[in-house]
>>> print(open('coords_21.cif').read())   # mmCIF, C-alpha atoms
data_model
#
loop_
_atom_site.label_atom_id
_atom_site.label_comp_id
_atom_site.auth_asym_id
_atom_site.auth_seq_id
_atom_site.Cartn_x
_atom_site.Cartn_y
_atom_site.Cartn_z
CA MET T 1165 -10.91 80.53 -2.39
CA GLY T 1166 -9.72 76.92 -2.40
CA ASN T 1167 -8.42 77.35 -5.95
CA ILE T 1168 -6.53 80.51 -4.95
CA TYR T 1169 -4.78 78.74 -2.06
CA ASN T 1170 -4.00 75.75 -4.28
CA ASN T 1171 -2.39 78.05 -6.85
CA LYS T 1172 -0.32 79.75 -4.14
CA ALA T 1173 0.84 76.36 -2.81
CA ARG T 1174 1.79 75.20 -6.30
CA GLY T 1175 3.77 78.41 -6.88
CA LEU T 1176 5.61 77.97 -3.57
CA VAL T 1177 6.51 74.37 -4.45
CA ARG T 1178 7.73 75.42 -7.89
CA GLY T 1179 9.86 78.17 -6.36
CA ARG T 1180 11.47 75.76 -3.92
CA LEU T 1181 12.11 73.23 -6.66
CA CYS T 1182 13.79 75.89 -8.80
CA LEU T 1183 15.95 76.97 -5.85
CA LEU T 1184 16.92 73.34 -5.18
CA LEU T 1185 17.81 72.72 -8.82
CA PHE T 1186 19.88 75.91 -8.89
CA LEU T 1187 21.82 74.81 -5.78
CA LEU T 1188 22.41 71.33 -7.24
CA ALA T 1189 23.67 72.83 -10.52
CA PHE T 1190 25.96 75.20 -8.63
CA ILE T 1191 27.42 72.36 -6.51
CA PHE T 1192 27.89 70.17 -9.60
CA SER T 1193 29.68 72.98 -11.44
CA LEU T 1194 32.17 73.25 -8.56
CA THR T 1195 32.86 69.56 -7.97
CA GLY T 1196 31.39 67.50 -10.81
CA PRO T 1197 33.88 67.76 -13.69
CA SER T 1198 37.04 67.20 -11.67
CA LYS T 1199 35.63 64.31 -9.65
CA MET T 1200 34.10 62.57 -12.63
CA SER T 1201 37.30 62.80 -14.66
CA GLY T 1202 39.59 61.80 -11.80
CA MET T 1203 41.94 64.69 -12.66
CA LYS T 1204 43.72 67.04 -10.30
CA ILE T 1205 42.82 70.31 -12.06
CA LEU T 1206 43.33 73.85 -10.85
CA ALA T 1207 40.46 76.30 -11.36
CA ASP T 1208 40.88 78.56 -14.37
CA THR T 1209 37.45 80.08 -14.88
CA LYS T 1210 38.55 82.89 -17.22
CA TYR T 1211 39.68 80.45 -19.88
CA ASN T 1212 37.38 79.23 -22.72
CA ALA T 1213 38.88 75.72 -23.04
CA LYS T 1214 37.37 72.82 -21.13
CA TYR T 1215 40.54 72.36 -19.10
CA PRO T 1216 43.34 74.70 -17.97
CA ARG T 1217 46.68 74.88 -19.76
CA LEU T 1218 48.20 72.44 -17.27
CA VAL T 1219 46.57 69.07 -16.63
CA ASP T 1220 48.71 66.79 -14.42
CA LYS T 1221 46.84 63.48 -14.56
CA ALA T 1222 50.05 61.53 -13.86
CA ASP T 1223 50.48 63.57 -10.64
CA VAL T 1224 54.21 64.17 -11.16
CA LEU T 1225 54.13 67.75 -9.85
CA THR T 1226 53.60 69.03 -6.33
CA ASP T 1227 50.72 71.41 -5.68
CA GLU T 1228 53.13 74.34 -5.43
CA GLU T 1229 54.90 73.38 -8.69
CA GLU T 1230 51.53 73.04 -10.39
CA LYS T 1231 50.43 76.53 -9.35
CA LYS T 1232 53.69 78.14 -10.49
CA LEU T 1233 53.75 76.31 -13.82
CA LEU T 1234 50.09 77.06 -14.59
CA LYS T 1235 50.70 80.73 -13.83
CA LYS T 1236 53.67 80.76 -16.23
CA LEU T 1237 51.73 78.98 -19.01
CA ASN T 1238 48.78 81.38 -18.63
CA LYS T 1239 51.01 84.45 -18.70
CA ILE T 1240 52.90 83.32 -21.82
CA SER T 1241 49.73 82.26 -23.65
CA GLU T 1242 47.73 85.38 -22.90
CA GLU T 1243 50.57 87.81 -23.63
CA GLU T 1244 51.57 86.13 -26.91
CA LYS T 1245 48.05 85.03 -27.99
CA VAL T 1246 49.41 81.52 -28.63
CA ASP T 1247 48.30 78.68 -26.32
CA VAL T 1248 51.14 76.82 -24.56
CA VAL T 1249 49.72 73.67 -22.92
CA VAL T 1250 51.08 70.73 -20.86
CA LEU T 1251 49.32 67.42 -20.23
CA THR T 1252 50.68 64.43 -18.28
CA VAL T 1253 48.99 61.02 -18.32
CA GLU T 1254 49.87 57.47 -17.35
CA ASN T 1255 49.28 54.61 -19.81
CA GLU T 1256 46.49 56.58 -21.45
CA ALA T 1257 47.94 57.94 -24.70
CA GLY T 1258 48.12 54.55 -26.45
CA LYS T 1259 50.51 53.71 -29.25
CA ASP T 1260 50.03 56.97 -31.16
CA VAL T 1261 50.88 59.76 -28.71
CA THR T 1262 50.81 62.38 -31.47
CA ALA T 1263 47.21 61.53 -32.38
CA PHE T 1264 46.27 61.60 -28.69
CA ALA T 1265 47.84 65.07 -28.36
CA ASP T 1266 46.02 66.31 -31.49
CA ASP T 1267 42.65 65.09 -30.23
CA PHE T 1268 43.09 66.41 -26.69
CA TYR T 1269 43.96 69.84 -28.09
CA ASP T 1270 41.09 69.89 -30.61
CA TYR T 1271 38.26 68.45 -28.55
CA ASN T 1272 39.01 70.60 -25.51
CA ASN T 1273 38.93 73.87 -27.48
CA TYR T 1274 42.51 75.00 -26.96
CA GLY T 1275 44.04 77.63 -29.21
CA PHE T 1276 43.71 81.32 -30.05
CA GLY T 1277 41.90 82.68 -33.08
CA HIS T 1278 39.83 80.81 -35.64
CA LYS T 1279 42.80 78.56 -36.49
CA GLY T 1280 43.50 77.54 -32.88
CA ASP T 1281 47.06 78.90 -32.63
CA GLY T 1282 49.09 77.00 -30.07
CA ILE T 1283 51.25 74.06 -28.98
CA ILE T 1284 50.71 71.20 -26.51
CA LEU T 1285 53.22 68.87 -24.85
CA VAL T 1286 51.81 65.47 -23.85
CA VAL T 1287 53.92 63.15 -21.69
CA ASP T 1288 52.80 59.58 -20.95
CA TYR T 1289 54.66 58.45 -17.84
CA GLY T 1290 53.49 54.87 -18.29
CA SER T 1291 55.02 54.27 -21.72
CA ARG T 1292 57.69 57.02 -21.30
CA ASP T 1293 56.51 58.57 -24.57
CA TRP T 1294 56.08 62.26 -25.30
CA ALA T 1295 54.64 64.25 -28.19
CA LEU T 1296 54.39 67.86 -29.30
CA SER T 1297 51.39 68.95 -31.36
CA THR T 1298 51.16 72.37 -32.99
CA LYS T 1299 48.21 74.06 -34.67
CA GLY T 1300 47.45 77.24 -36.58
CA LYS T 1301 50.22 79.78 -36.25
CA GLY T 1302 52.03 77.33 -33.96
CA ILE T 1303 52.95 75.20 -37.00
CA TYR T 1304 55.07 78.05 -38.37
CA ILE T 1305 56.43 79.23 -35.01
CA PHE T 1306 57.65 75.77 -34.01
CA THR T 1307 59.32 74.29 -37.10
CA ASP T 1308 60.50 70.66 -37.15
CA ALA T 1309 64.05 71.78 -36.35
CA GLY T 1310 62.72 74.08 -33.64
CA GLN T 1311 60.71 71.30 -32.00
CA LYS T 1312 63.81 69.13 -31.94
CA TYR T 1313 65.77 71.93 -30.31
CA ILE T 1314 63.08 72.37 -27.63
CA SER T 1315 62.67 68.64 -27.00
CA ASP T 1316 66.41 68.13 -26.64
CA LYS T 1317 66.26 70.65 -23.80
CA PHE T 1318 63.31 69.36 -21.78
CA VAL T 1319 63.70 65.61 -22.35
CA LYS T 1320 66.95 65.42 -20.39
CA TYR T 1321 65.09 66.78 -17.34
CA LEU T 1322 62.26 64.27 -17.77
CA SER T 1323 64.81 61.45 -18.02
CA ASP T 1324 66.35 62.57 -14.72
CA GLY T 1325 62.95 62.71 -13.01
CA GLU T 1326 62.90 66.52 -12.87
CA ALA T 1327 59.42 67.06 -14.33
CA TYR T 1328 58.97 70.65 -13.13
CA GLU T 1329 62.33 71.79 -14.55
CA GLY T 1330 61.54 70.07 -17.84
CA PHE T 1331 58.11 71.68 -18.21
CA LYS T 1332 59.44 75.08 -17.12
CA THR T 1333 62.20 74.82 -19.74
CA TYR T 1334 59.60 73.90 -22.38
CA ALA T 1335 57.45 76.91 -21.46
CA ASN T 1336 60.37 79.36 -21.48
CA LEU T 1337 61.58 78.12 -24.85
CA CYS T 1338 58.07 78.37 -26.30
CA LYS T 1339 58.00 82.05 -25.31
CA LYS T 1340 61.44 82.57 -26.85
CA PHE T 1341 60.37 80.94 -30.13
CA ILE T 1342 57.13 82.97 -30.30
CA GLU T 1343 59.06 86.21 -29.77
CA GLN T 1344 61.52 85.22 -32.51
CA TYR T 1345 58.65 84.47 -34.91
CA ARG T 1346 57.35 88.02 -34.44
CA THR T 1347 60.65 89.35 -35.84
CA GLY T 1348 59.75 87.76 -39.20
CA ALA T 1349 62.31 84.92 -39.11
CA ALA T 1350 61.27 81.84 -37.13
CA TYR T 1351 63.92 79.67 -35.56
CA ASP T 1352 64.76 77.00 -38.13
CA VAL T 1353 67.69 75.12 -39.65
CA GLY T 1354 70.75 77.35 -39.56
CA ASN T 1355 68.94 79.89 -37.40
CA MET T 1356 68.81 78.33 -33.94
CA PRO T 1357 69.37 80.15 -30.64
CA LYS T 1358 73.06 80.45 -29.88
CA GLU T 1359 74.24 78.96 -26.63
CA LYS T 1360 77.87 79.95 -26.46
CA SER T 1361 79.20 79.63 -22.96
CA GLU T 1362 79.46 82.87 -21.02
CA THR T 1363 82.66 81.71 -19.33
CA PRO T 1364 85.88 82.59 -21.22
CA THR T 1365 87.89 79.77 -22.69
CA GLU T 1366 90.45 78.41 -20.26
CA ASP T 1367 91.88 75.14 -18.98
CA TYR T 1368 89.83 73.64 -16.19
CA SER T 1369 92.40 70.98 -15.32
CA GLN T 1370 92.42 72.19 -11.69
CA ARG T 1371 88.71 71.55 -11.44
CA ARG T 1372 88.59 68.31 -13.42
CA LYS T 1373 89.45 65.19 -11.44
CA ALA T 1374 90.55 63.15 -14.48
CA ALA T 1375 92.50 63.66 -17.69
CA ARG T 1376 90.58 63.98 -20.94
CA MET T 1377 92.09 60.68 -22.16
CA VAL T 1378 91.80 57.85 -19.62
CA ASP T 1379 92.82 54.43 -20.96
CA ASN T 1380 91.75 51.93 -18.30
CA ALA T 1381 91.48 49.19 -20.94
CA LYS T 1382 95.20 49.59 -21.84
CA VAL T 1383 94.54 49.64 -25.59
CA LEU T 1384 96.95 52.53 -26.31
CA SER T 1385 100.68 52.93 -26.02
CA LEU T 1386 101.91 55.57 -23.58
CA GLU T 1387 103.06 57.75 -26.47
CA ASN T 1388 99.70 57.57 -28.26
CA LYS T 1389 97.82 58.25 -25.04
CA ASN T 1390 99.87 61.38 -24.38
CA MET T 1391 99.40 62.56 -27.97
CA LEU T 1392 95.64 62.07 -27.71
CA ASN T 1393 95.54 63.97 -24.43
CA SER T 1394 97.31 66.91 -26.06
CA LYS T 1395 94.93 66.88 -29.04
CA LEU T 1396 91.90 66.67 -26.73
CA ASP T 1397 93.17 69.63 -24.71
CA LEU T 1398 93.68 71.73 -27.85
CA ALA T 1399 90.26 70.88 -29.31
CA SER T 1400 88.52 71.46 -25.94
CA SER T 1401 90.17 74.84 -25.52
CA ALA T 1402 89.31 75.88 -29.08
CA ARG T 1403 85.62 74.96 -28.73
CA ASN T 1404 85.22 75.85 -25.04
CA ALA T 1405 83.75 72.39 -24.43
CA ASP T 1406 85.32 69.31 -22.86
CA ILE T 1407 86.04 66.64 -25.48
CA SER T 1408 87.13 63.48 -23.69
CA ILE T 1409 87.56 59.69 -24.00
CA LEU T 1410 87.36 56.84 -21.47
CA THR T 1411 88.20 53.19 -22.21
CA LEU T 1412 87.07 50.31 -19.98
CA LYS T 1413 87.24 46.54 -19.97
CA ASN T 1414 84.35 44.34 -18.82
CA GLU T 1415 82.84 47.04 -16.59
CA VAL T 1416 79.63 48.03 -18.40
CA ASN T 1417 77.17 46.70 -20.99
CA ASP T 1418 74.50 48.05 -23.33
CA ASN T 1419 72.02 48.54 -20.51
CA ASN T 1420 74.08 50.78 -18.25
CA ILE T 1421 76.92 52.30 -20.30
CA LEU T 1422 75.13 55.60 -20.98
CA SER T 1423 74.20 56.15 -17.34
CA TYR T 1424 77.79 55.20 -16.39
CA ALA T 1425 79.10 57.82 -18.83
CA GLY T 1426 76.83 60.50 -17.39
CA LYS T 1427 77.86 59.71 -13.83
CA TYR T 1428 81.55 59.65 -14.76
CA TYR T 1429 81.20 63.01 -16.50
CA LYS T 1430 79.54 64.67 -13.49
CA ASP T 1431 81.59 62.97 -10.74
CA ASN T 1432 84.85 64.05 -12.38
CA ASN T 1433 83.70 67.64 -12.96
CA PHE T 1434 83.92 67.59 -16.75
CA GLY T 1435 82.40 70.42 -18.74
CA LEU T 1436 83.35 74.01 -19.58
CA GLY T 1437 81.29 77.14 -19.08
CA VAL T 1438 78.21 77.77 -16.99
CA SER T 1439 76.33 74.90 -18.68
CA ARG T 1440 79.29 72.48 -18.38
CA ASP T 1441 79.49 71.95 -22.16
CA GLY T 1442 81.19 68.80 -23.32
CA VAL T 1443 81.12 65.39 -24.98
CA LEU T 1444 82.47 62.10 -23.63
CA LEU T 1445 83.13 58.85 -25.54
CA VAL T 1446 83.10 55.72 -23.35
CA MET T 1447 84.19 52.40 -24.90
CA ASP T 1448 84.27 49.04 -23.12
CA PHE T 1449 86.68 46.78 -25.02
CA GLY T 1450 85.58 43.74 -23.04
CA THR T 1451 81.83 43.86 -23.71
CA ASN T 1452 82.27 45.70 -27.05
CA THR T 1453 79.84 48.48 -26.10
CA TRP T 1454 80.12 52.23 -26.50
CA ALA T 1455 78.28 55.43 -25.61
CA ILE T 1456 78.60 59.10 -26.50
CA TYR T 1457 77.43 61.36 -23.68
CA THR T 1458 76.78 65.07 -24.36
CA ASN T 1459 76.10 67.90 -21.95
CA GLY T 1460 75.25 71.60 -22.19
CA ARG T 1461 75.48 73.12 -25.63
CA ALA T 1462 76.98 69.88 -27.02
CA VAL T 1463 73.52 68.26 -26.70
CA ASN T 1464 72.30 70.34 -29.65
CA ALA T 1465 75.64 70.53 -31.45
CA ILE T 1466 75.87 66.71 -31.59
CA PRO T 1467 72.30 65.32 -31.91
CA ASP T 1468 71.45 61.62 -32.30
CA GLU T 1469 71.90 61.62 -36.08
CA ALA T 1470 75.32 63.21 -35.60
CA LYS T 1471 76.32 60.48 -33.13
CA GLU T 1472 75.28 57.88 -35.69
CA TYR T 1473 77.36 59.58 -38.37
CA MET T 1474 80.37 59.74 -36.02
CA THR T 1475 80.26 56.08 -35.03
CA ASN T 1476 79.88 55.00 -38.65
CA ASP T 1477 83.09 56.90 -39.31
CA PHE T 1478 85.43 56.00 -36.43
CA LEU T 1479 84.14 52.64 -35.12
CA PRO T 1480 85.12 50.62 -38.24
CA VAL T 1481 88.68 51.95 -37.88
CA ILE T 1482 88.82 50.86 -34.23
CA LYS T 1483 87.37 47.44 -35.11
CA GLU T 1484 90.23 46.95 -37.55
CA GLY T 1485 92.66 47.45 -34.66
CA ASP T 1486 93.75 51.05 -35.27
CA THR T 1487 92.39 52.50 -32.03
CA TYR T 1488 94.56 55.62 -32.11
CA THR T 1489 93.41 56.69 -35.60
CA GLY T 1490 89.79 55.96 -34.65
CA PHE T 1491 90.04 58.26 -31.63
CA ILE T 1492 91.68 60.98 -33.75
CA ARG T 1493 88.69 60.83 -36.10
CA TYR T 1494 86.31 61.11 -33.13
CA ILE T 1495 88.12 64.23 -31.88
CA ASN T 1496 88.13 65.87 -35.31
CA LEU T 1497 84.41 65.19 -35.75
CA CYS T 1498 83.55 66.66 -32.33
CA ASP T 1499 85.64 69.73 -33.13
CA LYS T 1500 83.93 70.24 -36.50
CA MET T 1501 80.38 69.74 -35.19
CA LEU T 1502 80.85 72.17 -32.30
CA ALA T 1503 82.34 74.72 -34.71
CA ASN T 1504 79.38 74.27 -37.08
CA TYR T 1505 76.90 74.75 -34.26
CA ASP T 1506 78.56 77.95 -33.07
CA SER T 1507 78.40 79.24 -36.67
CA GLY T 1508 74.69 78.46 -36.99
CA LEU T 1509 75.24 75.56 -39.42
CA THR T 1510 73.95 72.00 -39.32
CA TYR T 1511 76.22 69.36 -37.83
CA ASP T 1512 77.12 67.84 -41.22
CA GLU T 1513 78.12 71.02 -43.06
CA GLY T 1514 81.53 70.30 -44.58
CA LEU T 1515 81.46 66.67 -43.41
CA VAL T 1516 78.93 64.79 -45.55
CA PRO T 1517 79.67 64.96 -49.32
CA LYS T 1518 76.89 66.74 -51.17
CA LYS T 1519 75.04 64.76 -53.85
CA GLU T 1520 75.62 66.13 -57.33
CA LYS T 1521 72.56 67.65 -58.97
CA LEU T 1522 71.62 66.52 -62.50
CA SER T 1523 71.75 70.13 -63.70
CA ASP T 1524 75.34 70.44 -62.44
CA VAL T 1525 76.32 67.20 -64.18
CA VAL T 1526 74.82 68.41 -67.48
CA LYS T 1527 76.41 71.83 -67.12
CA ASP T 1528 79.86 70.54 -66.16
CA SER T 1529 80.21 67.50 -68.43
CA VAL T 1530 77.48 66.99 -71.07
CA LEU T 1531 77.35 70.54 -72.47
CA PRO T 1532 81.14 70.85 -72.99
CA ALA T 1533 81.15 67.45 -74.71
CA LEU T 1534 78.33 68.49 -77.07
CA PHE T 1535 80.08 71.77 -77.84
CA PHE T 1536 83.36 70.11 -78.85
CA SER T 1537 81.52 67.39 -80.84
CA LEU T 1538 79.68 70.08 -82.82
CA ILE T 1539 82.94 71.85 -83.67
CA ILE T 1540 84.48 68.56 -84.92
CA CYS T 1541 81.41 67.78 -87.06
CA ILE T 1542 81.50 71.24 -88.67
CA ILE T 1543 85.21 70.84 -89.51
CA LEU T 1544 84.68 67.40 -91.08
CA THR T 1545 81.64 68.38 -93.13
CA ARG T 1546 83.40 71.39 -94.60
CA GLN T 1547 86.06 69.04 -96.03
CA LEU T 1548 83.43 67.34 -98.30
CA LYS T 1549 83.82 69.87 -101.12
CA THR T 1550 83.37 67.40 -104.09
CA VAL T 1551 79.84 66.41 -103.09
CA LYS T 1552 77.05 68.87 -103.94
CA PRO T 1553 73.35 68.34 -103.27
CA GLU T 1554 70.88 68.11 -106.22
CA LEU T 1555 67.59 69.96 -106.05
CA GLN T 1556 65.54 67.19 -107.77
CA ALA T 1557 65.58 63.41 -107.36
CA ASN T 1558 65.40 62.89 -111.19
CA ASN T 1559 69.03 63.88 -111.48
CA TYR T 1560 70.04 60.84 -109.38
CA ALA T 1561 68.18 58.27 -111.62
CA ARG T 1562 69.41 56.85 -115.00
CA GLN T 1563 67.09 57.74 -117.88
CA ASP T 1564 64.50 54.97 -118.75
CA SER T 1565 66.05 52.53 -116.24
CA PHE T 1566 62.83 52.12 -114.19
CA CYS T 1567 59.25 51.61 -115.34
CA LEU T 1568 56.29 51.19 -112.96
CA THR T 1569 53.38 49.26 -114.54
CA ASP T 1570 51.10 48.66 -111.54
CA ALA T 1571 50.73 50.31 -108.06
CA GLU T 1572 48.77 49.01 -105.05
CA ASP T 1573 48.53 49.84 -101.26
CA LEU T 1574 48.49 46.83 -98.88
CA PHE T 1575 47.74 47.15 -95.10
CA LEU T 1576 50.04 44.68 -93.39
CA TYR T 1577 49.78 45.17 -89.57
CA LYS T 1578 49.24 47.65 -86.79
CA THR T 1579 51.39 48.29 -83.71
CA LEU T 1580 49.82 49.91 -80.64
CA SER T 1581 52.10 51.26 -77.89
CA LYS T 1582 50.87 52.26 -74.44
CA THR T 1583 52.82 54.36 -71.97
CA ARG T 1584 51.73 54.66 -68.35
CA ARG T 1585 51.19 58.28 -67.34
CA SER T 1586 53.07 59.03 -64.13
CA ARG T 1587 51.18 60.79 -61.39
CA SER T 1588 52.66 63.81 -59.71
CA SER T 1589 53.46 63.43 -56.04
CA SER T 1590 53.12 66.12 -53.44
CA SER T 1591 55.60 64.50 -51.11
CA GLY T 1592 59.09 65.81 -50.79
CA SER T 1593 61.79 66.75 -48.35
CA SER T 1594 63.38 69.96 -47.25
CA ARG T 1595 65.89 71.03 -44.68
CA GLY T 1596 63.58 73.48 -42.97
CA GLY T 1597 59.95 74.34 -42.28
CA SER T 1598 57.28 72.24 -40.60
CA SER T 1599 55.76 68.90 -41.57
CA THR T 1600 52.00 68.60 -41.00
CA HIS T 1601 49.29 65.96 -40.68
CA ARG T 1602 45.52 65.78 -40.15
CA SER T 1603 44.00 64.90 -36.80
CA SER T 1604 40.92 62.72 -36.41
CA SER T 1605 38.79 65.88 -36.37
CA GLY T 1606 40.18 66.87 -39.77
CA SER T 1607 42.23 69.86 -38.62
CA ILE T 1608 45.87 70.44 -39.63
CA HIS T 1609 48.55 69.93 -36.99
CA GLY T 1610 52.33 69.89 -36.85
CA GLY T 1611 54.28 67.98 -34.24
CA SER T 1612 56.97 65.59 -33.12
CA HIS T 1613 57.36 62.78 -30.63
CA GLY T 1614 59.92 60.63 -28.86
CA LYS T 1615 60.83 58.68 -25.72
CA PHE T 1616 62.59 59.66 -22.53
#
>>> encode(input="coords_21.cif", output="structure tokens")
Amino acid sequence: MGNIYNNKARGLVRGRLCLLLFLLAFIFSLTGPSKMSGMKILADTKYNAKYPRLVDKADVLTDEEEKKLLKKLNKISEEEKVDVVVLTVENEAGKDVTAFADDFYDYNNYGFGHKGDGIILVVDYGSRDWALSTKGKGIYIFTDAGQKYISDKFVKYLSDGEAYEGFKTYANLCKKFIEQYRTGAAYDVGNMPKEKSETPTEDYSQRRKAARMVDNAKVLSLENKNMLNSKLDLASSARNADISILTLKNEVNDNNILSYAGKYYKDNNFGLGVSRDGVLLVMDFGTNTWAIYTNGRAVNAIPDEAKEYMTNDFLPVIKEGDTYTGFIRYINLCDKMLANYDSGLTYDEGLVPKKEKLSDVVKDSVLPALFFSLIICIILTRQLKTVKPELQANNYARQDSFCLTDAEDLFLYKTLSKTRRSRSSSSGSSRGGSSTHRSSSGSIHGGSHGKF
């Protein structure tokens, strides 16, 4: 009997222990991961990844913004079967934000299908760095040119402290790019979304508080200033985007000239169309600093490499003292780049001289030269009618004039030549497509990065 009671007691103890362990495991599953990681994470129990599609470790979003953004990311990802993820951190990504983004995506099991189709945006608010990482089908959906287009859109919001607007813009554009990919032609160079202003072209001089040419530095004659104003008005009307110039003297420096340009643009109501498209050149002739500020569709029409090309063209002319001609060049370049963008071309189409291909050089110069040389040789050789070839060498030698009495072969020396065999390289460049790299886990990713 004692053994029976002992067995019953042991069974009761075991049952209670099992119940206690179950309760502890349940409580840990609810609170453990988020508290141990120190992250503010919204529950997303239907998802297979370790974390939801929005992880705001930098705490830059309000609770309401977080809920709305996570809902949007989930809807896009599940409808399109391509993961769209956002992660914010603070001084955690290190020097290589792209590698950090790759690893976070891989080790937390993001992505659809066996290839892990998707894209992640990582923003480090400590270093002000950001990175996009794509995987699987995402590499082909978001080409290098496409990632630049998307980043140009959301980075300006991040720079202004509008995190929610920036992430919402990123999510909406990701959906747009996925939908375009399904048509069979991904957004790429020469095939970017058009952003023509919905407002008809007209003069907004009643709304603008300043002329398009304001010469506070007094570097132009009155006649030249008026001529520039007329040219700016014509170009702005033609492109439906404000093209303007402001000169200063000892008012700004390298550290604040761009923010000054942005404030001047907004305070004076520059910009045409619903997105206030336009470009503004600000030059301080006292501190010798300059800035080109773009807004609306001009942000993508005149990217950073375009600004560099422009300044390399018109700044040397201004430095030589011909300010008027330098500004004319600036206006013409803005006009051309906006026209290219509206036509779906790259900014430099028709501006940068194309490098001649070797095949074109051979076709256009070497082959004609060889052809004419051959004709001349044929004409000259046909004139040699007195010389006829002999079939045997004996006919060229005088009879009994040469007698060979002894013959011997002597080996004098040997020459050995070595030629290094060149190895083929898989590297190259193209104007479109996606560049890729391997993450630390060995998987293939695409991506881009920058600062804001």
>>> atom_distance(input="coords_21.cif", atom1="CA of Asn1504 in chain T", atom2="CA of Thr1347 in chain T")
24.1 Å
>>> closest_residue(input="coords_21.cif", among="T:Lys1332, T:Lys1214, T:Lys1430, T:Lys1340", to="Glu1229 in chain T", atoms="all atoms listed in the file")
T:Lys1332
>>> residues_near_point(input="coords_21.cif", point="(93.8, 53.1, -31.6)", cutoff="10 Å", atoms="all atoms listed in the file", output="list in words")
Val1383, Leu1384, Ser1385, Asn1388, Lys1389, Leu1392, Val1481, Ile1482, Lys1483, Glu1484, Gly1485, Asp1486, Thr1487, Tyr1488, Thr1489, Gly1490, Phe1491 and Ile1492 of chain T
>>> residues_around(input="coords_21.cif", residues="Asn1420 in chain T", least_positions_apart="5", cutoff="12 Å", atoms="only C-alpha atoms", output="list in words")
Glu1415, Ala1425, Gly1426, Lys1427, Val1446, Asp1448, Thr1451, Thr1453, Trp1454 and Ala1455 of chain T
>>> resolve_selection(input="coords_21.cif", expression="the PyMOL selection byres ((chain T and resi 1456) around 12)", output="number ranges by chain")
T: 1407-1410, 1421-1426, 1429, 1442-1447, 1453-1455, 1457-1459, 1462-1463, 1466-1475, 1494, 1498
>>> resolve_selection(input="coords_21.cif", expression="the PyMOL selection byres ((chain T and resi 1285) around 6)", output="list in words")
Val1250, Ile1284, Val1286, Ala1295 and Leu1296 of chain T
>>> closest_residue(input="coords_21.cif", among="T:Ala1465, T:Val1246, T:Met1356, T:Ala1374", to="Gly1508 in chain T", atoms="only C-alpha atoms")
T:Met1356
